[in-house]
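Shown next: structure_26.pdb, given as PDB, C-alpha atoms.
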```pdb
MODEL        1
ATOM      1  CA  MET A 748       0.000   0.000   0.000  1.00  0.00           C
ATOM      2  CA  PRO A 749       1.472   3.413  -0.910  1.00  0.00           C
ATOM      3  CA  ASP A 750       2.154   6.112   1.646  1.00  0.00           C
ATOM      4  CA  ASP A 751      -0.767   8.416   2.353  1.00  0.00           C
ATOM      5  CA  LEU A 752       0.577  11.694   0.956  1.00  0.00           C
ATOM      6  CA  GLY A 753      -2.044  13.586   2.922  1.00  0.00           C
ATOM      7  CA  ASN A 754      -0.476  12.351   6.149  1.00  0.00           C
ATOM      8  CA  ALA A 755       1.896  14.995   7.519  1.00  0.00           C
ATOM      9  CA  GLY A 756       3.492  12.623  10.038  1.00  0.00           C
ATOM     10  CA  ALA A 757       6.141  10.045   9.383  1.00  0.00           C
ATOM     11  CA  GLN A 758       4.903   6.567   8.547  1.00  0.00           C
ATOM     12  CA  ASP A 759       7.445   4.872  10.811  1.00  0.00           C
ATOM     13  CA  ARG A 760       8.410   7.179  13.634  1.00  0.00           C
ATOM     14  CA  SER A 761      11.428   5.052  14.586  1.00  0.00           C
ATOM     15  CA  ARG A 762      13.185   5.744  11.269  1.00  0.00           C
ATOM     16  CA  VAL A 763      14.006   9.033   9.552  1.00  0.00           C
ATOM     17  CA  ASN A 764      13.209   8.811   5.834  1.00  0.00           C
ATOM     18  CA  VAL A 765      14.776  11.705   3.925  1.00  0.00           C
ATOM     19  CA  ASN A 766      13.442  10.426   0.592  1.00  0.00           C
ATOM     20  CA  GLU A 767       9.829  11.506   1.156  1.00  0.00           C
ATOM     21  CA  PRO A 768       9.103  15.256   1.246  1.00  0.00           C
ATOM     22  CA  HIS A 769       6.297  14.945   3.814  1.00  0.00           C
ATOM     23  CA  GLU A 770       8.579  12.988   6.138  1.00  0.00           C
ATOM     24  CA  VAL A 771      11.414  15.511   5.735  1.00  0.00           C
ATOM     25  CA  ARG A 772       8.931  18.242   6.741  1.00  0.00           C
ATOM     26  CA  TYR A 773       7.836  16.199   9.767  1.00  0.00           C
ATOM     27  CA  TRP A 774      11.371  15.484  11.014  1.00  0.00           C
ATOM     28  CA  THR A 775      12.719  19.002  10.435  1.00  0.00           C
ATOM     29  CA  GLN A 776       9.789  20.429  12.401  1.00  0.00           C
ATOM     30  CA  ARG A 777      10.072  17.802  15.129  1.00  0.00           C
ATOM     31  CA  PHE A 778      13.794  18.381  15.642  1.00  0.00           C
ATOM     32  CA  GLY A 779      13.715  22.109  14.855  1.00  0.00           C
ATOM     33  CA  VAL A 780      16.522  21.840  12.298  1.00  0.00           C
ATOM     34  CA  SER A 781      17.052  22.641   8.635  1.00  0.00           C
ATOM     35  CA  GLU A 782      16.722  20.023   5.922  1.00  0.00           C
ATOM     36  CA  ASP A 783      20.487  20.158   5.379  1.00  0.00           C
ATOM     37  CA  ALA A 784      21.176  19.517   9.075  1.00  0.00           C
ATOM     38  CA  LEU A 785      18.729  16.600   9.051  1.00  0.00           C
ATOM     39  CA  ARG A 786      20.322  15.059   5.953  1.00  0.00           C
ATOM     40  CA  ARG A 787      23.841  15.462   7.401  1.00  0.00           C
ATOM     41  CA  ALA A 788      22.769  13.810  10.653  1.00  0.00           C
ATOM     42  CA  VAL A 789      21.205  10.867   8.801  1.00  0.00           C
ATOM     43  CA  ALA A 790      24.349  10.511   6.673  1.00  0.00           C
ATOM     44  CA  GLU A 791      26.508  10.455   9.810  1.00  0.00           C
ATOM     45  CA  VAL A 792      24.488   8.239  12.186  1.00  0.00           C
ATOM     46  CA  GLY A 793      21.933   6.410  10.024  1.00  0.00           C
ATOM     47  CA  VAL A 794      18.141   6.457   9.926  1.00  0.00           C
ATOM     48  CA  SER A 795      17.330   5.613  13.550  1.00  0.00           C
ATOM     49  CA  ALA A 796      15.216   8.487  14.901  1.00  0.00           C
ATOM     50  CA  ASP A 797      16.769   8.041  18.347  1.00  0.00           C
ATOM     51  CA  ALA A 798      20.313   8.199  16.946  1.00  0.00           C
ATOM     52  CA  VAL A 799      19.489  11.259  14.844  1.00  0.00           C
ATOM     53  CA  ALA A 800      17.858  12.995  17.826  1.00  0.00           C
ATOM     54  CA  GLN A 801      20.880  12.267  20.016  1.00  0.00           C
ATOM     55  CA  HIS A 802      23.273  13.468  17.316  1.00  0.00           C
ATOM     56  CA  LEU A 803      21.315  16.703  16.966  1.00  0.00           C
ATOM     57  CA  GLY A 804      21.181  17.144  20.746  1.00  0.00           C
ATOM     58  CA  LYS A 805      17.386  16.720  20.763  1.00  0.00           C
ATOM     59  CA  HIS A 806      16.295  14.341  23.508  1.00  0.00           C
TER
ENDMDL
END
```
What does this structure look like when you write it as structure tokens?
Amino acid sequence: MPDDLGNAGAQDRSRVNVNEPHEVRYWTQRFGVSEDALRRAVAEVGVSADAVAQHLGKH
């Protein structure tokens, strides 16, 4: 089943998906960071939301 594009939240809140625009919007708002900062964090620590949050200093 395809993602519901009307859904502003992430489909799997344990993983950061930077390949879907609606998920990028969700995670940048949740962590209060720019898209570039989010993408750099994912590149450095992987897609685990907990790891990304810790890397960004967002607990």
Give me, please, the distance in Å between CA of Phe778 (chain A) and CA of Asn764 (chain A), quoted to one decimal.
-> 13.7 Å
Let me know the residues the PyMOL selection byres ((chain A and resi 792-797) around 9) catches in the file above, as a count of residues only.
-> 18
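With CA of Glu767 (chain A) on one side and CA of Gly804 (chain A) on the other, the separation reads 23.3 Å.
Straight-line separation from CA of Leu803 (chain A) to CA of Asp759 (chain A): 19.2 Å.
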